[in-house]
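With mmCIF, C-alpha atoms and all ligand atoms inside, this is data_12.cif:
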```cif
data_my_file
#
loop_
_atom_site.label_atom_id
_atom_site.label_comp_id
_atom_site.auth_asym_id
_atom_site.auth_seq_id
_atom_site.Cartn_x
_atom_site.Cartn_y
_atom_site.Cartn_z
CA MET A 183 17.27 -15.90 -10.94
CA THR A 184 14.64 -13.28 -11.79
CA GLN A 185 11.13 -13.54 -10.40
CA LYS A 186 9.88 -14.14 -13.92
CA ALA A 187 12.23 -17.07 -14.56
CA LEU A 188 11.45 -18.53 -11.14
CA VAL A 189 7.70 -18.35 -11.57
CA LYS A 190 7.91 -19.97 -15.03
CA ASP A 191 10.03 -22.83 -13.71
CA LEU A 192 7.74 -23.40 -10.76
CA PHE A 193 4.69 -23.37 -13.02
CA ALA A 194 6.16 -26.00 -15.34
CA GLN A 195 6.99 -28.19 -12.31
CA GLN A 196 3.57 -27.81 -10.69
CA PHE A 197 1.36 -28.14 -13.73
CA ASN A 198 3.54 -30.10 -16.19
CA SER A 199 3.07 -27.57 -18.95
CA PRO A 200 4.29 -24.03 -19.64
CA ALA A 201 2.31 -21.01 -18.40
CA GLU A 202 0.34 -19.00 -20.96
CA PHE A 203 1.18 -15.64 -19.39
CA VAL A 204 3.40 -14.13 -16.74
CA CYS A 205 2.13 -10.93 -15.08
CA HIS A 206 3.59 -8.59 -12.50
CA ALA A 207 2.15 -5.94 -10.22
CA PRO A 208 4.30 -3.70 -8.01
CA GLY A 209 4.09 -2.92 -4.31
CA ARG A 210 4.18 0.73 -3.35
CA VAL A 211 5.69 3.21 -1.00
CA ASN A 212 3.72 6.21 0.14
CA ILE A 213 5.92 9.30 0.09
CA ILE A 214 3.37 11.36 2.01
CA GLY A 215 -0.37 11.41 2.77
CA ASP A 216 -1.20 8.61 5.18
CA HIS A 217 -4.65 7.77 6.52
CA THR A 218 -6.08 10.32 4.11
CA ASP A 219 -7.30 8.05 1.29
CA TYR A 220 -10.35 6.72 3.13
CA ASN A 221 -11.19 10.31 4.02
CA ASN A 222 -11.42 11.17 0.30
CA GLY A 223 -8.16 13.12 0.66
CA PHE A 224 -4.78 13.29 -1.11
CA VAL A 225 -1.94 10.75 -1.18
CA LEU A 226 1.45 10.82 -2.90
CA PRO A 227 2.69 7.26 -3.47
CA ALA A 228 5.01 5.63 -6.00
CA ALA A 229 4.98 2.03 -7.21
CA ILE A 230 8.26 0.28 -6.39
CA ASN A 231 10.53 -2.28 -8.01
CA TYR A 232 9.33 -5.01 -5.63
CA GLY A 233 6.11 -6.84 -6.39
CA THR A 234 4.10 -9.97 -7.07
CA THR A 235 4.65 -12.08 -10.18
CA ILE A 236 2.11 -14.64 -11.36
CA ALA A 237 2.33 -17.36 -14.00
CA VAL A 238 -1.06 -18.44 -15.25
CA SER A 239 -2.91 -20.76 -17.61
CA ALA A 240 -6.61 -21.05 -18.39
CA ARG A 241 -8.78 -24.00 -17.39
CA GLN A 242 -11.87 -25.36 -19.06
CA ASP A 243 -13.70 -25.68 -15.73
CA LYS A 244 -14.45 -23.29 -12.86
CA GLU A 245 -11.64 -24.48 -10.59
CA VAL A 246 -8.82 -22.20 -9.45
CA GLU A 247 -5.64 -23.93 -8.36
CA VAL A 248 -3.00 -21.70 -6.77
CA TYR A 249 0.53 -22.48 -5.67
CA ALA A 250 1.97 -19.76 -3.41
CA TYR A 251 5.74 -20.08 -3.33
CA ASP A 252 6.26 -17.45 -0.62
CA CYS A 253 3.57 -18.78 1.65
CA ASP A 254 5.51 -21.93 2.50
CA SER A 255 4.77 -23.33 -0.96
CA GLN A 256 1.19 -23.95 0.05
CA LYS A 257 -1.42 -24.93 -2.49
CA ASP A 258 -5.10 -24.18 -2.52
CA ILE A 259 -7.89 -25.18 -4.85
CA PHE A 260 -11.42 -23.82 -4.93
CA SER A 261 -14.32 -23.36 -7.33
CA LEU A 262 -15.49 -20.01 -8.68
CA ASN A 263 -19.01 -21.35 -8.09
CA ASN A 264 -18.43 -21.61 -4.38
CA ILE A 265 -16.15 -18.93 -2.96
CA VAL A 266 -15.95 -19.01 0.85
CA PHE A 267 -13.65 -17.31 3.32
CA ASP A 268 -11.12 -19.69 4.86
CA LYS A 269 -9.62 -18.68 8.21
CA GLN A 270 -6.96 -21.40 7.93
CA VAL A 271 -5.48 -20.29 4.59
CA MET A 272 -5.37 -16.53 4.92
CA TRP A 273 -3.32 -15.80 1.76
CA SER A 274 -5.84 -17.61 -0.40
CA ASN A 275 -8.61 -15.26 0.71
CA TYR A 276 -6.95 -12.52 -1.34
CA VAL A 277 -7.33 -14.67 -4.46
CA LYS A 278 -10.90 -15.57 -3.59
CA GLY A 279 -12.00 -12.04 -2.67
CA THR A 280 -10.39 -10.57 -5.78
CA LEU A 281 -12.02 -13.10 -8.10
CA GLN A 282 -15.37 -12.64 -6.43
CA ALA A 283 -15.10 -8.90 -7.13
CA LEU A 284 -13.98 -9.59 -10.72
CA MET A 285 -16.94 -11.90 -11.32
CA ARG A 286 -19.43 -9.17 -10.42
CA LYS A 287 -18.44 -7.60 -13.74
CA TYR A 288 -17.37 -10.73 -15.63
CA PRO A 289 -19.54 -13.58 -14.29
CA ASP A 290 -18.64 -15.98 -17.12
CA ILE A 291 -14.89 -16.33 -16.61
CA ASN A 292 -13.44 -19.82 -16.17
CA GLY A 293 -10.89 -20.91 -13.59
CA ALA A 294 -7.10 -20.97 -13.90
CA ASN A 295 -3.89 -22.56 -12.70
CA LEU A 296 -1.63 -20.07 -10.99
CA VAL A 297 1.81 -19.87 -9.44
CA VAL A 298 2.57 -16.81 -7.33
CA VAL A 299 5.94 -15.45 -6.21
CA GLY A 300 6.53 -12.13 -4.53
CA ASN A 301 9.30 -10.11 -2.95
CA VAL A 302 7.34 -7.38 -1.16
CA PRO A 303 7.91 -7.96 2.56
CA GLN A 304 4.57 -8.98 4.08
CA GLY A 305 2.98 -6.87 6.80
CA ALA A 306 5.53 -4.10 6.32
CA GLY A 307 3.36 -1.32 4.91
CA LEU A 308 4.55 -1.77 1.31
CA SER A 309 1.29 -3.22 0.01
CA SER A 310 2.14 -6.84 -0.60
CA SER A 311 -1.57 -7.62 -0.59
CA ALA A 312 -2.55 -4.89 -3.08
CA SER A 313 0.19 -6.04 -5.43
CA PHE A 314 -1.15 -9.60 -5.07
CA GLU A 315 -4.71 -8.50 -5.90
CA ILE A 316 -3.68 -6.39 -8.89
CA ALA A 317 -1.43 -9.17 -10.23
CA ILE A 318 -4.36 -11.60 -10.07
CA LEU A 319 -6.60 -9.14 -11.91
CA LYS A 320 -3.95 -8.57 -14.54
CA ALA A 321 -3.51 -12.33 -14.97
CA PHE A 322 -7.24 -13.00 -15.48
CA SER A 323 -7.62 -9.94 -17.64
CA GLN A 324 -4.91 -11.24 -20.01
CA LEU A 325 -6.11 -14.82 -19.89
CA TYR A 326 -9.72 -14.03 -20.77
CA GLN A 327 -9.05 -10.82 -22.74
CA LEU A 328 -11.20 -8.70 -20.44
CA ASP A 329 -11.59 -4.98 -21.14
CA LEU A 330 -10.50 -4.18 -17.59
CA ASP A 331 -8.85 -0.79 -17.00
CA GLY A 332 -6.51 0.07 -14.13
CA ILE A 333 -8.96 2.17 -12.14
CA SER A 334 -11.66 -0.52 -12.24
CA ALA A 335 -9.06 -3.12 -11.28
CA ALA A 336 -8.02 -0.97 -8.31
CA LEU A 337 -11.62 -0.67 -7.16
CA MET A 338 -12.04 -4.45 -7.40
CA GLY A 339 -8.90 -5.01 -5.34
CA GLN A 340 -10.21 -2.62 -2.71
CA GLN A 341 -13.57 -4.39 -2.75
CA ALA A 342 -11.79 -7.67 -2.06
CA GLU A 343 -10.17 -6.14 1.03
CA ASN A 344 -13.31 -4.35 2.25
CA ASP A 345 -15.94 -7.00 1.59
CA PHE A 346 -14.03 -10.26 1.81
CA VAL A 347 -10.78 -9.98 3.78
CA GLY A 348 -12.21 -7.53 6.32
CA CYS A 349 -9.86 -4.56 6.05
CA ASN A 350 -11.58 -1.22 5.46
CA CYS A 351 -8.63 0.16 3.49
CA GLY A 352 -8.83 3.05 1.07
CA ILE A 353 -7.96 3.03 -2.64
CA MET A 354 -4.33 4.21 -2.60
CA ASP A 355 -2.47 0.89 -2.63
CA GLN A 356 -4.42 -0.81 -5.39
CA LEU A 357 -4.55 2.30 -7.54
CA ILE A 358 -0.84 2.98 -7.52
CA SER A 359 -0.05 -0.71 -8.08
CA ALA A 360 -2.27 -0.62 -11.16
CA MET A 361 -1.53 2.88 -12.46
CA GLY A 362 1.93 3.92 -11.23
CA LEU A 363 4.27 5.53 -13.73
CA GLN A 364 7.95 4.63 -13.85
CA ASN A 365 10.24 7.18 -12.14
CA HIS A 366 7.23 9.21 -10.98
CA ALA A 367 5.26 9.84 -7.83
CA MET A 368 1.49 10.24 -8.15
CA LEU A 369 -0.64 12.78 -6.34
CA LEU A 370 -3.98 11.00 -6.21
CA ASP A 371 -7.17 12.79 -5.29
CA CYS A 372 -9.12 10.01 -3.62
CA LYS A 373 -12.36 11.95 -3.99
CA ASP A 374 -12.62 11.56 -7.76
CA LEU A 375 -9.56 9.36 -8.48
CA SER A 376 -7.96 12.02 -10.68
CA PHE A 377 -4.19 12.19 -10.46
CA GLU A 378 -1.16 14.23 -11.37
CA GLU A 379 2.41 12.99 -11.56
CA ALA A 380 5.83 14.39 -10.75
CA LEU A 381 9.19 13.03 -11.81
CA ILE A 382 11.33 11.79 -8.93
CA PRO A 383 14.71 13.40 -9.70
CA ASP A 384 17.39 10.93 -10.82
CA ASP A 385 19.68 11.66 -7.92
CA LEU A 386 17.05 10.84 -5.28
CA THR A 387 16.77 7.32 -3.88
CA LEU A 388 13.56 5.97 -2.40
CA PHE A 389 15.22 4.62 0.69
CA ILE A 390 13.00 2.30 2.70
CA VAL A 391 13.79 0.68 6.03
CA ASN A 392 11.64 -2.04 7.53
CA SER A 393 11.64 -1.75 11.32
CA ASN A 394 10.75 -5.46 11.27
CA VAL A 395 8.01 -4.86 13.80
CA LYS A 396 5.15 -6.67 12.13
CA ARG A 397 1.49 -6.01 12.53
CA GLY A 398 -1.31 -6.85 10.13
CA LEU A 399 -3.74 -4.05 9.33
CA VAL A 400 -6.71 -6.33 9.76
CA ASP A 401 -5.88 -6.97 13.41
CA SER A 402 -4.61 -3.48 14.07
CA GLU A 403 -6.47 -0.38 15.05
CA TYR A 404 -6.78 0.65 11.41
CA ASN A 405 -10.53 0.14 11.24
CA LEU A 406 -10.92 2.02 14.53
CA ARG A 407 -9.03 5.04 13.15
CA ARG A 408 -11.34 5.05 10.18
CA ARG A 409 -14.41 5.03 12.40
CA GLN A 410 -13.02 7.92 14.44
CA CYS A 411 -12.59 10.00 11.28
CA GLU A 412 -16.13 9.16 10.23
CA GLN A 413 -17.43 10.30 13.58
CA VAL A 414 -15.93 13.76 13.11
CA ALA A 415 -17.26 13.98 9.54
CA LYS A 416 -20.67 13.09 10.90
CA TYR A 417 -20.40 15.84 13.49
CA PHE A 418 -19.96 18.33 10.64
CA ASP A 419 -22.71 16.64 8.67
CA VAL A 420 -20.45 15.91 5.67
CA SER A 421 -19.61 12.53 4.18
CA THR A 422 -15.84 12.69 4.77
CA LEU A 423 -13.17 14.86 6.39
CA ARG A 424 -12.17 16.10 2.95
CA ASP A 425 -14.99 18.59 3.32
CA VAL A 426 -13.84 20.00 6.67
CA SER A 427 -11.27 22.82 6.79
CA LEU A 428 -8.72 23.35 9.56
CA GLU A 429 -10.51 26.58 10.54
CA GLN A 430 -13.81 24.72 10.89
CA LEU A 431 -12.19 22.05 12.99
CA ASN A 432 -10.37 24.52 15.22
CA SER A 433 -13.59 26.41 15.82
CA VAL A 434 -15.19 23.39 17.50
CA GLN A 435 -12.17 22.23 19.48
CA GLU A 436 -13.95 22.81 22.80
CA GLN A 437 -17.02 20.88 21.71
CA ILE A 438 -15.56 17.63 20.46
CA ASP A 439 -13.71 14.80 22.14
CA PRO A 440 -9.98 15.74 22.26
CA LEU A 441 -8.98 12.38 20.79
CA LEU A 442 -11.32 12.79 17.83
CA PHE A 443 -10.04 16.33 17.38
CA LYS A 444 -6.46 15.09 17.06
CA ARG A 445 -7.43 12.36 14.60
CA ALA A 446 -9.20 14.87 12.36
CA ARG A 447 -6.40 17.43 12.65
CA HIS A 448 -3.97 14.85 11.33
CA VAL A 449 -6.11 14.09 8.28
CA ILE A 450 -6.80 17.71 7.38
CA THR A 451 -3.19 18.89 7.75
CA GLU A 452 -1.84 15.78 6.01
CA ASN A 453 -3.93 16.57 2.91
CA SER A 454 -2.24 19.98 2.63
CA ARG A 455 1.18 18.43 3.09
CA ALA A 456 0.60 15.89 0.30
CA VAL A 457 -0.46 18.61 -2.13
CA ALA A 458 2.48 20.83 -1.13
CA THR A 459 4.93 17.97 -1.55
CA LEU A 460 3.92 17.41 -5.19
CA ASP A 461 4.81 21.02 -5.94
CA ALA A 462 8.02 20.76 -3.96
CA LEU A 463 8.99 17.66 -5.96
CA LYS A 464 8.29 19.43 -9.22
CA ASN A 465 10.42 22.38 -8.11
CA ASN A 466 13.11 20.14 -6.67
CA ASP A 467 12.67 22.01 -3.40
CA MET A 468 14.26 19.59 -0.97
CA ALA A 469 13.91 21.82 2.08
CA ALA A 470 10.12 21.99 1.58
CA ILE A 471 9.90 18.21 1.10
CA SER A 472 11.98 17.72 4.21
CA ILE A 473 9.73 19.90 6.36
CA ALA A 474 6.51 18.35 5.04
CA MET A 475 7.75 14.80 5.72
CA LYS A 476 8.95 15.73 9.20
CA GLU A 477 5.59 17.29 10.04
CA SER A 478 3.77 14.30 8.60
CA HIS A 479 5.67 11.92 10.84
CA ALA A 480 5.04 14.05 13.92
CA SER A 481 1.35 14.22 13.10
CA LEU A 482 1.08 10.45 12.61
CA ARG A 483 2.95 9.95 15.88
CA ASP A 484 1.22 12.52 18.09
CA ASP A 485 -2.22 13.12 16.57
CA PHE A 486 -3.04 9.89 14.77
CA GLU A 487 -0.95 7.65 17.06
CA VAL A 488 -0.04 4.96 14.58
CA THR A 489 3.76 4.87 14.89
CA THR A 490 5.87 2.65 17.13
CA LYS A 491 8.95 3.60 19.14
CA GLU A 492 11.04 1.65 16.62
CA MET A 493 9.64 3.63 13.67
CA ASP A 494 10.14 6.89 15.57
CA GLY A 495 13.71 5.82 16.34
CA LEU A 496 14.49 5.05 12.69
CA VAL A 497 13.12 8.41 11.60
CA GLU A 498 15.26 10.16 14.19
CA ILE A 499 18.41 8.31 13.18
CA ILE A 500 17.91 9.14 9.50
CA ASP A 501 16.79 12.72 10.10
CA GLY A 502 20.00 13.24 12.06
CA VAL A 503 21.99 12.47 8.92
CA LEU A 504 19.76 14.15 6.33
CA GLY A 505 18.72 17.42 7.94
CA VAL A 506 17.03 19.53 5.25
CA ASN A 507 18.90 17.70 2.47
CA GLY A 508 16.32 14.90 2.41
CA GLY A 509 13.02 13.80 3.93
CA VAL A 510 12.02 10.92 6.20
CA ARG A 511 8.78 9.63 7.77
CA MET A 512 6.83 6.50 8.55
CA THR A 513 4.92 5.11 5.59
CA GLY A 514 1.71 3.13 5.15
CA GLY A 515 -0.81 2.12 7.77
CA GLY A 516 1.64 2.19 10.69
CA PHE A 517 1.68 0.09 13.88
CA GLY A 518 5.02 -1.32 12.69
CA GLY A 519 6.47 -1.76 9.23
CA CYS A 520 8.52 0.71 7.23
CA ILE A 521 9.80 4.22 7.12
CA VAL A 522 10.54 5.99 3.82
CA ALA A 523 13.26 8.50 3.12
CA LEU A 524 14.07 10.56 0.05
CA VAL A 525 17.83 10.52 0.03
CA PRO A 526 20.23 12.29 -2.35
CA SER A 527 22.47 9.62 -3.91
CA ALA A 528 25.61 11.01 -2.32
CA MET A 529 24.11 10.60 1.16
CA VAL A 530 22.83 7.04 0.77
CA ILE A 531 25.96 5.49 2.20
CA HIS A 532 25.86 7.74 5.29
CA VAL A 533 22.19 6.99 5.93
CA LYS A 534 22.85 3.28 5.54
CA ASN A 535 25.74 3.40 7.99
CA ALA A 536 23.66 5.32 10.51
CA VAL A 537 20.82 2.79 10.32
CA ASN A 538 23.11 -0.23 10.49
CA GLY A 539 25.18 1.33 13.26
CA ASN A 540 22.33 2.38 15.53
CA TYR A 541 18.97 0.70 15.01
CA GLU A 542 19.82 -2.78 16.26
CA ARG A 543 21.93 -1.35 19.07
CA LEU A 544 18.99 0.75 20.29
CA PHE A 545 16.07 -1.57 19.66
CA GLY A 546 17.52 -5.09 19.49
CA ILE A 547 16.02 -5.76 16.05
CA LYS A 548 17.84 -6.05 12.73
CA PRO A 549 16.56 -3.57 10.14
CA SER A 550 16.02 -4.42 6.45
CA ILE A 551 16.98 -1.80 3.91
CA TYR A 552 15.45 -1.47 0.44
CA GLN A 553 16.83 1.00 -2.07
CA CYS A 554 13.98 1.47 -4.51
CA THR A 555 13.14 3.10 -7.77
CA ALA A 556 9.63 4.11 -8.86
CA ALA A 557 8.21 1.36 -11.08
CA GLN A 558 5.45 1.06 -13.67
CA GLY A 559 1.98 -0.08 -12.60
CA ALA A 560 0.48 -3.32 -13.94
CA PHE A 561 -2.21 -1.62 -16.05
CA ARG A 562 -0.18 1.34 -17.26
C1 LIG B 601 -2.97 1.04 4.29
C2 LIG B 601 -4.27 1.06 3.49
C3 LIG B 601 -4.34 2.30 2.61
C4 LIG B 601 -4.06 3.57 3.41
C5 LIG B 601 -2.81 3.41 4.26
C6 LIG B 601 -2.59 4.56 5.17
O1 LIG B 601 -1.89 0.91 3.41
O2 LIG B 601 -4.37 -0.10 2.70
O3 LIG B 601 -5.59 2.35 1.96
O4 LIG B 601 -5.17 3.92 4.18
O5 LIG B 601 -2.84 2.23 5.03
O6 LIG B 601 -2.34 5.69 4.44
#
```
What's the C-alpha cells form of this structure?
Amino acid sequence: MTQKALVKDLFAQQFNSPAEFVCHAPGRVNIIGDHTDYNNGFVLPAAINYGTTIAVSARQDKEVEVYAYDCDSQKDIFSLNNIVFDKQVMWSNYVKGTLQALMRKYPDINGANLVVVGNVPQGAGLSSSASFEIAILKAFSQLYQLDLDGISAALMGQQAENDFVGCNCGIMDQLISAMGLQNHAMLLDCKDLSFEEALIPDDLTLFIVNSNVKRGLVDSEYNLRRRQCEQVAKYFDVSTLRDVSLEQLNSVQEQIDPLLFKRARHVITENSRAVATLDALKNNDMAAISIAMKESHASLRDDFEVTTKEMDGLVEIIDGVLGVNGGVRMTGGGFGGCIVALVPSAMVIHVKNAVNGNYERLFGIKPSIYQCTAAQGAFR
C-alpha cells in the first residue's frame, strides 16, 4: 500500500470522514557540505524518495488533533491559542513549534485534524523532522490557501527547531525538503539562500546505508560544535566562518586553541569541496567527486569529530569497492546515522554485497540500505 493510500485510510478511520488534502514532503540526503550551513556556507543536498505524508481537514475551532501512525499510533490534541512544549510527547513538539512559527505570519488560521505517516528513518541523519515540519506547512498552506513560498516555509521549519524544539540547526534540511528538484542535487549558498542545481546522472544511485547507531541531534554535541565555530568567527571579528579564508585561519594557528582551529578548518575546507562537487557533477567527473567525498569524510572524522567507528567502517568497506569510480562519506549531523555513496548502477550489487558481508560481522549491528532517487520538494 502506498503512503498516500495508507494515510487516507487511517484518516477516514480516525475522523469518520475523508481528508480534504493529502500532502507530502521529502527527507533529504546531503551529498557533501556538512556542518557548513549554520556557518553561512555551502551545502549540496538532494531531496529523496522517502518522506512524510499528511492527510488533513480543516476545523472550525482552534484545536489541532494529530494522529501519528509511526510514533506508536499516538494521538495528541492542543489549541493554537495555547501552544506549550511537552517533554512527554516529543514528536508533537514539531507540530506545535511549526504552527507557532506559521502563526507569526498567519495569526488567524484555524486548527485541523491530521494523520501523519512517514518512512524516513528517525534519528538517522536523513531529516525526518524537517520533512515533518515542511509537510505540516504544506498541509496548512493548502487548507487555508496561504501564499506561503518554499523559502519562507523552510525558515519557519528552522525556527520551529531553533526556538521551540531546542536544536540550533541550519537551514539545509528544511530548504531542500521544500525546494528540491527531482533528479537534481542543489548547491545552496546558506548566506543568501540562492541556489544552483545539477542533474544527478541517470546511472548514479544515491546509495544510503544506516549504521543503525542512533543519536538525536538535540542531545548530541551538535550545539557545541556550532558554538565552537562561532567562537572562531568572533576571534576574526566576523559574523560567521564564511568570511574567513583558509590562509587567514592558517596564519593564526599558533594563537588559537588547537581544537577550535580544527573545527574551523573543517568548515572552511568543506565549503570549497561542496562548490567543487557541483562542478564535478555537472562535468560527470567521478574521480573529482570521489576525492572530494573522501576528503570530506576524513575532515568530519579528524577535524570536526562527528563520526563514529561504525560510520568510518561503512565508509571504508564501500570505498574499498568503489575506488575512484564512486564517492562515499558520512552524511548529516553525524554521531551515528547514515553514510551516503554515489554508486554507478553496475556497481550497486557489489557495494551491497560488501556491506551485507562485512558490516554486521565487524560491528555486530545489522545495516539498513536505501537505494534512493532525488525527489521533488513539497513547494516546488
Ligand atoms: C543537521 C542539521 C543541518 C546541518 C547538518 C549538518 O542535519 O539539521 O542544519 O547542520 O546537521 O550538515
#### Entry: Residue contacts of A:Thr235 (12 Å, only C-alpha atoms) excluding same-chain residues fewer than 2 positions away, as a PyMOL selection string
chain A and resi 184-190+192-193+203-209+231-233+237-238+250-252+296-302+310+313-321+560
Kindly export the residues of the current selection with C-alpha atoms, as a CSV table (one decimal), in the frame of the given file.
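Once everything was written out, this is out38.csv:
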```csv
chain,number,residue,atom,x,y,z
A,184,THR,CA,14.6,-13.3,-11.8
A,185,GLN,CA,11.1,-13.5,-10.4
A,186,LYS,CA,9.9,-14.1,-13.9
A,187,ALA,CA,12.2,-17.1,-14.6
A,188,LEU,CA,11.4,-18.5,-11.1
A,189,VAL,CA,7.7,-18.4,-11.6
A,190,LYS,CA,7.9,-20.0,-15.0
A,192,LEU,CA,7.7,-23.4,-10.8
A,193,PHE,CA,4.7,-23.4,-13.0
A,203,PHE,CA,1.2,-15.6,-19.4
A,204,VAL,CA,3.4,-14.1,-16.7
A,205,CYS,CA,2.1,-10.9,-15.1
A,206,HIS,CA,3.6,-8.6,-12.5
A,207,ALA,CA,2.2,-5.9,-10.2
A,208,PRO,CA,4.3,-3.7,-8.0
A,209,GLY,CA,4.1,-2.9,-4.3
A,231,ASN,CA,10.5,-2.3,-8.0
A,232,TYR,CA,9.3,-5.0,-5.6
A,233,GLY,CA,6.1,-6.8,-6.4
A,237,ALA,CA,2.3,-17.4,-14.0
A,238,VAL,CA,-1.1,-18.4,-15.2
A,250,ALA,CA,2.0,-19.8,-3.4
A,251,TYR,CA,5.7,-20.1,-3.3
A,252,ASP,CA,6.3,-17.4,-0.6
A,296,LEU,CA,-1.6,-20.1,-11.0
A,297,VAL,CA,1.8,-19.9,-9.4
A,298,VAL,CA,2.6,-16.8,-7.3
A,299,VAL,CA,5.9,-15.4,-6.2
A,300,GLY,CA,6.5,-12.1,-4.5
A,301,ASN,CA,9.3,-10.1,-3.0
A,302,VAL,CA,7.3,-7.4,-1.2
A,310,SER,CA,2.1,-6.8,-0.6
A,313,SER,CA,0.2,-6.0,-5.4
A,314,PHE,CA,-1.2,-9.6,-5.1
A,315,GLU,CA,-4.7,-8.5,-5.9
A,316,ILE,CA,-3.7,-6.4,-8.9
A,317,ALA,CA,-1.4,-9.2,-10.2
A,318,ILE,CA,-4.4,-11.6,-10.1
A,319,LEU,CA,-6.6,-9.1,-11.9
A,320,LYS,CA,-4.0,-8.6,-14.5
A,321,ALA,CA,-3.5,-12.3,-15.0
A,560,ALA,CA,0.5,-3.3,-13.9
```
#### Entry: 10 Å contact set for A:Phe545, all atoms listed in the file, chain neighbours under 6 positions out, as a list in words
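Everything that qualifies: Ser393, Lys491, Glu492, Gly495 and Leu496 of chain A.
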Could I get the residues of chain A with an atom no further than 9 Å from an atom of ligand LIG 601 (chain B), each paired with its nearest atom pair and that distance in Å to one decimal, using only C-alpha atoms and all ligand atoms, sorted by chain and residue number, as JSON lines?
```
{"residue": "A:Asn212", "atom": "CA", "partner": "B:LIG601", "partner_atom": "O6", "distance": 7.4}
{"residue": "A:Ile214", "atom": "CA", "partner": "B:LIG601", "partner_atom": "O6", "distance": 8.4}
{"residue": "A:Gly215", "atom": "CA", "partner": "B:LIG601", "partner_atom": "O6", "distance": 6.3}
{"residue": "A:Asp216", "atom": "CA", "partner": "B:LIG601", "partner_atom": "O6", "distance": 3.2}
{"residue": "A:His217", "atom": "CA", "partner": "B:LIG601", "partner_atom": "O6", "distance": 3.7}
{"residue": "A:Thr218", "atom": "CA", "partner": "B:LIG601", "partner_atom": "O6", "distance": 6.0}
{"residue": "A:Asp219", "atom": "CA", "partner": "B:LIG601", "partner_atom": "O4", "distance": 5.5}
{"residue": "A:Tyr220", "atom": "CA", "partner": "B:LIG601", "partner_atom": "O4", "distance": 6.0}
{"residue": "A:Asn221", "atom": "CA", "partner": "B:LIG601", "partner_atom": "O4", "distance": 8.8}
{"residue": "A:Val225", "atom": "CA", "partner": "B:LIG601", "partner_atom": "O6", "distance": 7.6}
{"residue": "A:Gly307", "atom": "CA", "partner": "B:LIG601", "partner_atom": "O1", "distance": 5.9}
{"residue": "A:Leu308", "atom": "CA", "partner": "B:LIG601", "partner_atom": "O1", "distance": 7.3}
{"residue": "A:Ser309", "atom": "CA", "partner": "B:LIG601", "partner_atom": "O1", "distance": 6.2}
{"residue": "A:Ser311", "atom": "CA", "partner": "B:LIG601", "partner_atom": "O2", "distance": 8.7}
{"residue": "A:Ala312", "atom": "CA", "partner": "B:LIG601", "partner_atom": "O2", "distance": 7.7}
{"residue": "A:Gln340", "atom": "CA", "partner": "B:LIG601", "partner_atom": "O3", "distance": 8.2}
{"residue": "A:Glu343", "atom": "CA", "partner": "B:LIG601", "partner_atom": "O2", "distance": 8.5}
{"residue": "A:Cys349", "atom": "CA", "partner": "B:LIG601", "partner_atom": "O2", "distance": 7.8}
{"residue": "A:Asn350", "atom": "CA", "partner": "B:LIG601", "partner_atom": "O2", "distance": 7.8}
{"residue": "A:Cys351", "atom": "CA", "partner": "B:LIG601", "partner_atom": "O3", "distance": 4.0}
{"residue": "A:Gly352", "atom": "CA", "partner": "B:LIG601", "partner_atom": "O3", "distance": 3.4}
{"residue": "A:Ile353", "atom": "CA", "partner": "B:LIG601", "partner_atom": "O3", "distance": 5.2}
{"residue": "A:Met354", "atom": "CA", "partner": "B:LIG601", "partner_atom": "O3", "distance": 5.1}
{"residue": "A:Asp355", "atom": "CA", "partner": "B:LIG601", "partner_atom": "O3", "distance": 5.7}
{"residue": "A:Gln356", "atom": "CA", "partner": "B:LIG601", "partner_atom": "O3", "distance": 8.1}
{"residue": "A:Leu399", "atom": "CA", "partner": "B:LIG601", "partner_atom": "C1", "distance": 7.2}
{"residue": "A:Tyr404", "atom": "CA", "partner": "B:LIG601", "partner_atom": "O5", "distance": 7.7}
{"residue": "A:Arg408", "atom": "CA", "partner": "B:LIG601", "partner_atom": "O4", "distance": 8.7}
{"residue": "A:Thr513", "atom": "CA", "partner": "B:LIG601", "partner_atom": "O6", "distance": 7.4}
{"residue": "A:Gly514", "atom": "CA", "partner": "B:LIG601", "partner_atom": "C6", "distance": 4.5}
{"residue": "A:Gly515", "atom": "CA", "partner": "B:LIG601", "partner_atom": "O5", "distance": 3.4}
{"residue": "A:Gly516", "atom": "CA", "partner": "B:LIG601", "partner_atom": "O5", "distance": 7.2}
```
Keeping C-alpha atoms, export the residues of the selection given above as an mmCIF file, in the frame of the given file.
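Dumped everything to out_9.cif:
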```cif
data_model
loop_
_atom_site.group_PDB
_atom_site.id
_atom_site.type_symbol
_atom_site.label_atom_id
_atom_site.label_comp_id
_atom_site.auth_asym_id
_atom_site.auth_seq_id
_atom_site.Cartn_x
_atom_site.Cartn_y
_atom_site.Cartn_z
ATOM 1 C CA ASN A 212 3.720 6.210 0.140
ATOM 2 C CA ILE A 214 3.370 11.360 2.010
ATOM 3 C CA GLY A 215 -0.370 11.410 2.770
ATOM 4 C CA ASP A 216 -1.200 8.610 5.180
ATOM 5 C CA HIS A 217 -4.650 7.770 6.520
ATOM 6 C CA THR A 218 -6.080 10.320 4.110
ATOM 7 C CA ASP A 219 -7.300 8.050 1.290
ATOM 8 C CA TYR A 220 -10.350 6.720 3.130
ATOM 9 C CA ASN A 221 -11.190 10.310 4.020
ATOM 10 C CA VAL A 225 -1.940 10.750 -1.180
ATOM 11 C CA GLY A 307 3.360 -1.320 4.910
ATOM 12 C CA LEU A 308 4.550 -1.770 1.310
ATOM 13 C CA SER A 309 1.290 -3.220 0.010
ATOM 14 C CA SER A 311 -1.570 -7.620 -0.590
ATOM 15 C CA ALA A 312 -2.550 -4.890 -3.080
ATOM 16 C CA GLN A 340 -10.210 -2.620 -2.710
ATOM 17 C CA GLU A 343 -10.170 -6.140 1.030
ATOM 18 C CA CYS A 349 -9.860 -4.560 6.050
ATOM 19 C CA ASN A 350 -11.580 -1.220 5.460
ATOM 20 C CA CYS A 351 -8.630 0.160 3.490
ATOM 21 C CA GLY A 352 -8.830 3.050 1.070
ATOM 22 C CA ILE A 353 -7.960 3.030 -2.640
ATOM 23 C CA MET A 354 -4.330 4.210 -2.600
ATOM 24 C CA ASP A 355 -2.470 0.890 -2.630
ATOM 25 C CA GLN A 356 -4.420 -0.810 -5.390
ATOM 26 C CA LEU A 399 -3.740 -4.050 9.330
ATOM 27 C CA TYR A 404 -6.780 0.650 11.410
ATOM 28 C CA ARG A 408 -11.340 5.050 10.180
ATOM 29 C CA THR A 513 4.920 5.110 5.590
ATOM 30 C CA GLY A 514 1.710 3.130 5.150
ATOM 31 C CA GLY A 515 -0.810 2.120 7.770
ATOM 32 C CA GLY A 516 1.640 2.190 10.690
#
```
